[in-house]
Amino acid sequence: MKFTHGKSRWTGAASACIVLAMSGIAHSQPRAVVELFTSQGCSSCPPADKIIGDLARDPRVIALSMPIDYWDYLGWKDTLADSRFSARQKAYSGMRGDRDLYTPQVIVNGIQQTIGSDRGKIDFAIEETTKSDAVMSVPVSLTISGKHVNVTVAASNKGPHAARGEVWICSVSKAVPITIGRGENRGQALTYYNVVRNWLKVGDWNGTAANWTLPLENISRDGVDAAVVYVQDGTRDNPGAMLGATMTSLQ
């Protein structure tokens with residue numbers, strides 16, 4: 001679904017994921033973060049949501065479902081939606097300088113958008129974005145130690161203070177089954193994959209090696225069974241390229 005001069009139209013979507021051991025540092029860093037903006041009230045979204053599940057076995061990609069809330073008025077209130085995700089999608093549009101705001105929409109590595117239901121276009125966007133030396137170039141690790149979460153971000157390969165960004169952690173539910181009661185998807189039993197359930201800033205990264213420790217309870221909640229940490233150029237309101245990321249299972 002897409003906004004066009006006050007009207008809307010439907011389109012398509014998809015993405016991918018990685019699950020690491022709880023002791024979990026990745027043996028090889030993923031090469032892409034793929035964010036899917038989706039809605040339970042969007043009739044074109046279920047194929048995209050399914051692709052997220054299909055790609056969840058790909059260790060090269062971290063896929064995140066970020067359900068938006070701006071279609072809630074159509075007759076069904078999305079039970080997973082978060083207004084912060086709607087704001088994030090709008091911030092990406094602002095950074096690109098376009099009006100492309102729709103569901104299902106995929107953002108690849110923070111810098112390229114495409115229709116989420118088109119697997120070929122997603123793969124192409126991954127290939128294109130990873131041609132940049134900066135994209136996904138910074139090793140990131142996430143480990144669980146007792147009741148604490150340890151986040152480590154390596155130094156930039158461009159040298160100290162040559163790069164900077166924000167470090168964020170996402171609480172993730174790997175699979176959430178939902179039965180839609182009303183709206184265009186009425187009666188459908190759908191599963192949403194790698195759904196972001198909470199989203200917290202860990203700190204700022206200035207290009208030098210850094211680490212942070214935070215309470216596990218800050219990211220734990222019912223249904224959360226994984227966590228993702230990413231480093232992104234820019235800020236929450238002006239997001240740029242993904243510089244590095246990792247995902248760890250909490251169970």
# chains A, B, ... in the order shown; residues from 1 in each chain; ligands from 1

call {"tool": "residues_around", "arguments": {"residues": "Asp123 of chain A", "least_positions_apart": "5", "cutoff": "12 Å", "atoms": "only C-alpha atoms", "output": "ChimeraX atom specification"}}
result
/A:14-16,31-34,55,58,60-61,106-109,112-118,128-130

call {"tool": "write_last_selection", "arguments": {"atoms": "N, CA and C atoms", "output": "CSV table (one decimal), in the first residue's frame"}}
result
chain,number,residue,atom,x,y,z
A,14,ALA,N,9.4,-8.5,1.2
A,14,ALA,CA,10.2,-9.6,1.7
A,14,ALA,C,11.5,-9.3,2.5
A,15,SER,N,12.3,-10.4,2.9
A,15,SER,CA,13.6,-10.2,3.6
A,15,SER,C,14.2,-11.5,4.1
A,16,ALA,N,15.1,-11.4,5.2
A,16,ALA,CA,16.0,-12.5,5.6
A,16,ALA,C,16.6,-12.4,7.0
A,31,ARG,N,26.2,-9.8,5.7
A,31,ARG,CA,26.5,-8.7,4.7
A,31,ARG,C,25.3,-7.8,4.4
A,32,ALA,N,24.2,-8.0,5.1
A,32,ALA,CA,23.1,-7.1,4.8
A,32,ALA,C,22.1,-7.1,6.0
A,33,VAL,N,21.5,-6.0,6.2
A,33,VAL,CA,20.3,-5.8,7.1
A,33,VAL,C,19.2,-5.4,6.2
A,34,VAL,N,18.1,-6.2,6.3
A,34,VAL,CA,16.9,-6.0,5.4
A,34,VAL,C,15.8,-5.7,6.4
A,55,LEU,N,13.6,-16.7,4.0
A,55,LEU,CA,15.0,-16.3,4.0
A,55,LEU,C,15.6,-16.3,5.4
A,58,ASP,N,19.0,-17.9,5.9
A,58,ASP,CA,20.2,-17.4,5.2
A,58,ASP,C,21.1,-16.6,6.2
A,60,ARG,N,23.7,-14.9,5.8
A,60,ARG,CA,24.3,-13.7,5.2
A,60,ARG,C,23.5,-12.5,5.5
A,61,VAL,N,22.3,-12.7,5.9
A,61,VAL,CA,21.4,-11.5,6.0
A,61,VAL,C,20.6,-11.5,7.3
A,106,VAL,N,10.8,-2.7,1.6
A,106,VAL,CA,12.1,-3.1,2.2
A,106,VAL,C,13.1,-2.1,2.1
A,107,ILE,N,13.9,-1.9,3.1
A,107,ILE,CA,15.1,-1.0,3.1
A,107,ILE,C,16.3,-1.9,3.3
A,108,VAL,N,17.2,-1.9,2.4
A,108,VAL,CA,18.4,-2.7,2.4
A,108,VAL,C,19.6,-1.9,2.8
A,109,ASN,N,20.2,-2.4,3.9
A,109,ASN,CA,21.4,-1.8,4.4
A,109,ASN,C,21.3,-0.3,4.6
A,112,GLN,N,19.0,1.7,0.4
A,112,GLN,CA,18.2,1.4,-0.9
A,112,GLN,C,16.9,0.8,-0.5
A,113,GLN,N,15.8,1.3,-1.2
A,113,GLN,CA,14.5,0.7,-0.9
A,113,GLN,C,14.0,0.0,-2.2
A,114,THR,N,13.2,-1.0,-1.9
A,114,THR,CA,12.6,-1.8,-3.0
A,114,THR,C,11.3,-2.4,-2.5
A,115,ILE,N,10.5,-2.9,-3.5
A,115,ILE,CA,9.3,-3.7,-3.1
A,115,ILE,C,9.6,-5.0,-2.5
A,116,GLY,N,9.1,-5.2,-1.3
A,116,GLY,CA,9.5,-6.3,-0.5
A,116,GLY,C,9.1,-7.7,-1.0
A,117,SER,N,8.1,-7.8,-1.9
A,117,SER,CA,7.6,-9.1,-2.4
A,117,SER,C,8.5,-9.6,-3.6
A,118,ASP,N,9.4,-8.8,-4.0
A,118,ASP,CA,10.2,-9.1,-5.2
A,118,ASP,C,11.6,-9.6,-4.7
A,128,GLU,N,24.1,-4.5,-4.7
A,128,GLU,CA,24.5,-3.1,-5.0
A,128,GLU,C,25.0,-2.4,-3.8
A,129,THR,N,24.3,-2.6,-2.7
A,129,THR,CA,24.7,-1.8,-1.5
A,129,THR,C,26.0,-2.3,-0.9
A,130,THR,N,26.3,-3.6,-1.1
A,130,THR,CA,27.5,-4.1,-0.5
A,130,THR,C,28.8,-3.8,-1.4

call {"tool": "residues_around", "arguments": {"residues": "Lys147 of chain A", "least_positions_apart": "5", "cutoff": "9 Å", "atoms": "only C-alpha atoms", "output": "list of chain:residue names"}}
result
A:Leu214, A:Pro215, A:Leu216, A:Glu217

call {"tool": "atom_distance", "arguments": {"atom1": "atom CA of Thr79 of chain A", "atom2": "atom CA of Tyr92 of chain A"}}
result
23.4 Å

call {"tool": "closest_residue", "arguments": {"among": "A:Ala245, A:Thr235, A:Arg197, A:Lys50", "to": "Met95 of chain A", "atoms": "only C-alpha atoms"}}
result
A:Thr235

call {"tool": "closest_atom_pairs", "arguments": {"of": "segment 18-119 of chain A", "to": "segment 178-184 of chain A", "cutoff": "6 Å", "atoms": "only C-alpha atoms", "output": "Markdown table"}}
result
| residue | atom | partner | partner_atom | distance |
| --- | --- | --- | --- | --- |
| A:Ser43 | CA | A:Glu184 | CA | 5.7 |
| A:Gly75 | CA | A:Gly183 | CA | 5.0 |
| A:Trp76 | CA | A:Arg182 | CA | 5.3 |

call {"tool": "write_last_selection", "arguments": {"atoms": "N, CA and C atoms", "output": "PDB file, in the first residue's frame"}}
result
ATOM      1  N   SER A  43      -3.266  -5.997   2.234  1.00  0.00           N
ATOM      2  CA  SER A  43      -3.568  -7.237   1.529  1.00  0.00           C
ATOM      3  C   SER A  43      -2.417  -7.725   0.664  1.00  0.00           C
ATOM      4  N   GLY A  75      -9.740  -0.723   9.307  1.00  0.00           N
ATOM      5  CA  GLY A  75     -10.678  -1.718   9.821  1.00  0.00           C
ATOM      6  C   GLY A  75     -10.058  -2.772  10.699  1.00  0.00           C
ATOM      7  N   TRP A  76      -8.714  -2.792  10.765  1.00  0.00           N
ATOM      8  CA  TRP A  76      -8.046  -3.761  11.629  1.00  0.00           C
ATOM      9  C   TRP A  76      -6.806  -3.108  12.226  1.00  0.00           C
TER      10      TRP A  76
END

call {"tool": "select_by_dssp", "arguments": {"residues": "segment 21-243 of chain A", "states": "strand (DSSP E or B)", "output": "JSON, numbers by chain"}}
result
{"A": [32, 33, 34, 35, 36, 37, 38, 61, 62, 63, 64, 65, 66, 67, 102, 105, 106, 107, 108, 112, 113, 114, 115, 140, 141, 142, 143, 144, 145, 148, 149, 150, 151, 152, 153, 165, 166, 167, 168, 169, 170, 171, 172, 173, 174, 175, 176, 177, 178, 179, 189, 190, 191, 192, 193, 194, 195, 196, 197, 198, 199, 200, 201, 202, 203, 204, 205, 210, 211, 212, 213, 214, 215, 226, 227, 228, 229, 230, 231, 232, 233, 234, 239, 240, 241, 242, 243]}

call {"tool": "closest_residue", "arguments": {"among": "A:Ser39, A:Gln105, A:Asn218, A:Thr246", "to": "Ser83 of chain A", "atoms": "only C-alpha atoms"}}
result
A:Ser39

call {"tool": "closest_residue", "arguments": {"among": "A:Ser156, A:Asn211, A:Leu64, A:Asp54", "to": "Thr143 of chain A", "atoms": "only C-alpha atoms"}}
result
A:Asn211

call {"tool": "closest_residue", "arguments": {"among": "A:Leu142, A:Ala175, A:Ile111, A:Ala87", "to": "Asp49 of chain A", "atoms": "only C-alpha atoms"}}
result
A:Ala175

call {"tool": "residues_around", "arguments": {"residues": "Gln232 of chain A", "least_positions_apart": "3", "cutoff": "7 Å", "atoms": "only C-alpha atoms", "output": "PyMOL selection string"}}
result
chain A and resi 165-167+239-243

call {"tool": "write_last_selection", "arguments": {"atoms": "N, CA and C atoms", "output": "mmCIF file, in the first residue's frame"}}
result
data_model
loop_
_atom_site.group_PDB
_atom_site.id
_atom_site.type_symbol
_atom_site.label_atom_id
_atom_site.label_comp_id
_atom_site.auth_asym_id
_atom_site.auth_seq_id
_atom_site.Cartn_x
_atom_site.Cartn_y
_atom_site.Cartn_z
ATOM 1 N N GLY A 165 28.644 6.472 14.221
ATOM 2 C CA GLY A 165 27.272 6.045 14.049
ATOM 3 C C GLY A 165 26.617 5.792 15.388
ATOM 4 N N GLU A 166 25.380 5.317 15.358
ATOM 5 C CA GLU A 166 24.646 4.966 16.565
ATOM 6 C C GLU A 166 24.532 3.454 16.667
ATOM 7 N N VAL A 167 24.559 2.952 17.895
ATOM 8 C CA VAL A 167 24.434 1.521 18.170
ATOM 9 C C VAL A 167 23.063 1.278 18.793
ATOM 10 N N PRO A 239 18.595 8.407 9.382
ATOM 11 C CA PRO A 239 19.357 7.164 9.274
ATOM 12 C C PRO A 239 20.118 7.047 7.965
ATOM 13 N N GLY A 240 21.319 6.477 8.063
ATOM 14 C CA GLY A 240 22.152 6.276 6.882
ATOM 15 C C GLY A 240 22.495 4.814 6.683
ATOM 16 N N ALA A 241 23.694 4.572 6.176
ATOM 17 C CA ALA A 241 24.115 3.211 5.830
ATOM 18 C C ALA A 241 24.307 2.347 7.078
ATOM 19 N N MET A 242 23.963 1.066 6.938
ATOM 20 C CA MET A 242 24.275 0.096 7.973
ATOM 21 C C MET A 242 25.762 -0.213 7.938
ATOM 22 N N LEU A 243 26.424 -0.030 9.060
ATOM 23 C CA LEU A 243 27.873 -0.228 9.127
ATOM 24 C C LEU A 243 28.256 -1.607 9.655
#

call {"tool": "residues_around", "arguments": {"residues": "Trp168 of chain A", "least_positions_apart": "2", "cutoff": "6 Å", "atoms": "only C-alpha atoms", "output": "list in words"}}
result
Leu200, Lys201, Val202, Val229 and Tyr230 of chain A

call {"tool": "write_last_selection", "arguments": {"atoms": "N, CA and C atoms", "output": "mmCIF file, in the first residue's frame"}}
result
data_model
loop_
_atom_site.group_PDB
_atom_site.id
_atom_site.type_symbol
_atom_site.label_atom_id
_atom_site.label_comp_id
_atom_site.auth_asym_id
_atom_site.auth_seq_id
_atom_site.Cartn_x
_atom_site.Cartn_y
_atom_site.Cartn_z
ATOM 1 N N LEU A 200 16.037 -0.142 21.442
ATOM 2 C CA LEU A 200 16.709 0.737 22.391
ATOM 3 C C LEU A 200 18.067 1.175 21.866
ATOM 4 N N LYS A 201 18.413 2.425 22.114
ATOM 5 C CA LYS A 201 19.744 2.895 21.755
ATOM 6 C C LYS A 201 20.745 2.441 22.805
ATOM 7 N N VAL A 202 21.850 1.826 22.347
ATOM 8 C CA VAL A 202 22.910 1.371 23.234
ATOM 9 C C VAL A 202 23.901 2.497 23.497
ATOM 10 N N VAL A 229 21.804 -6.463 17.244
ATOM 11 C CA VAL A 229 22.514 -5.203 17.453
ATOM 12 C C VAL A 229 23.007 -4.723 16.096
ATOM 13 N N TYR A 230 22.816 -3.432 15.813
ATOM 14 C CA TYR A 230 23.349 -2.876 14.576
ATOM 15 C C TYR A 230 23.998 -1.520 14.841
#

call {"tool": "closest_residue", "arguments": {"among": "A:Gly97, A:Gly159, A:Pro59, A:Pro104", "to": "Thr38 of chain A", "atoms": "only C-alpha atoms"}}
result
A:Pro104

call {"tool": "decode", "arguments": {"residues": "segment 88-145 of chain A", "atoms": "C-alpha atoms", "output": "CSV table (one decimal), in the first residue's frame"}}
result
chain,number,residue,atom,x,y,z
A,88,ARG,CA,11.6,5.2,10.9
A,89,GLN,CA,10.2,4.5,7.5
A,90,LYS,CA,9.3,8.1,7.1
A,91,ALA,CA,12.8,9.1,8.2
A,92,TYR,CA,14.3,6.9,5.5
A,93,SER,CA,12.1,8.5,2.9
A,94,GLY,CA,13.2,11.9,4.1
A,95,MET,CA,16.9,11.0,3.8
A,96,ARG,CA,16.3,9.7,0.2
A,97,GLY,CA,14.4,12.8,-0.6
A,98,ASP,CA,11.4,11.0,-2.2
A,99,ARG,CA,7.8,10.2,-1.3
A,100,ASP,CA,8.1,6.5,-1.5
A,101,LEU,CA,6.2,5.4,1.7
A,102,TYR,CA,4.3,2.2,1.3
A,103,THR,CA,3.8,-1.4,2.4
A,104,PRO,CA,5.3,-3.8,1.9
A,105,GLN,CA,8.5,-1.9,1.6
A,106,VAL,CA,12.1,-3.1,2.2
A,107,ILE,CA,15.1,-1.0,3.1
A,108,VAL,CA,18.4,-2.7,2.4
A,109,ASN,CA,21.4,-1.8,4.4
A,110,GLY,CA,19.8,1.6,5.2
A,111,ILE,CA,20.4,3.1,1.8
A,112,GLN,CA,18.2,1.4,-0.9
A,113,GLN,CA,14.5,0.7,-0.9
A,114,THR,CA,12.6,-1.8,-3.0
A,115,ILE,CA,9.3,-3.7,-3.1
A,116,GLY,CA,9.5,-6.3,-0.5
A,117,SER,CA,7.6,-9.1,-2.4
A,118,ASP,CA,10.2,-9.1,-5.2
A,119,ARG,CA,13.0,-11.5,-4.1
A,120,GLY,CA,15.0,-10.7,-7.2
A,121,LYS,CA,15.0,-7.0,-6.4
A,122,ILE,CA,16.0,-7.6,-2.8
A,123,ASP,CA,18.9,-9.7,-3.9
A,124,PHE,CA,20.0,-7.1,-6.4
A,125,ALA,CA,19.8,-4.3,-3.7
A,126,ILE,CA,22.0,-6.4,-1.4
A,127,GLU,CA,24.5,-6.8,-4.2
A,128,GLU,CA,24.5,-3.1,-5.0
A,129,THR,CA,24.7,-1.8,-1.5
A,130,THR,CA,27.5,-4.1,-0.5
A,131,LYS,CA,29.7,-2.6,-3.3
A,132,SER,CA,30.3,0.3,-0.8
A,133,ASP,CA,33.4,-0.2,1.4
A,134,ALA,CA,31.6,1.2,4.4
A,135,VAL,CA,28.4,-0.9,4.3
A,136,MET,CA,28.5,-3.8,6.8
A,137,SER,CA,32.3,-3.3,7.2
A,138,VAL,CA,32.4,-3.1,11.0
A,139,PRO,CA,32.4,-6.3,13.1
A,140,VAL,CA,29.8,-6.4,15.8
A,141,SER,CA,29.3,-9.0,18.5
A,142,LEU,CA,26.5,-9.6,21.0
A,143,THR,CA,26.9,-12.1,23.9
A,144,ILE,CA,24.8,-13.0,26.9
A,145,SER,CA,26.5,-13.3,30.3
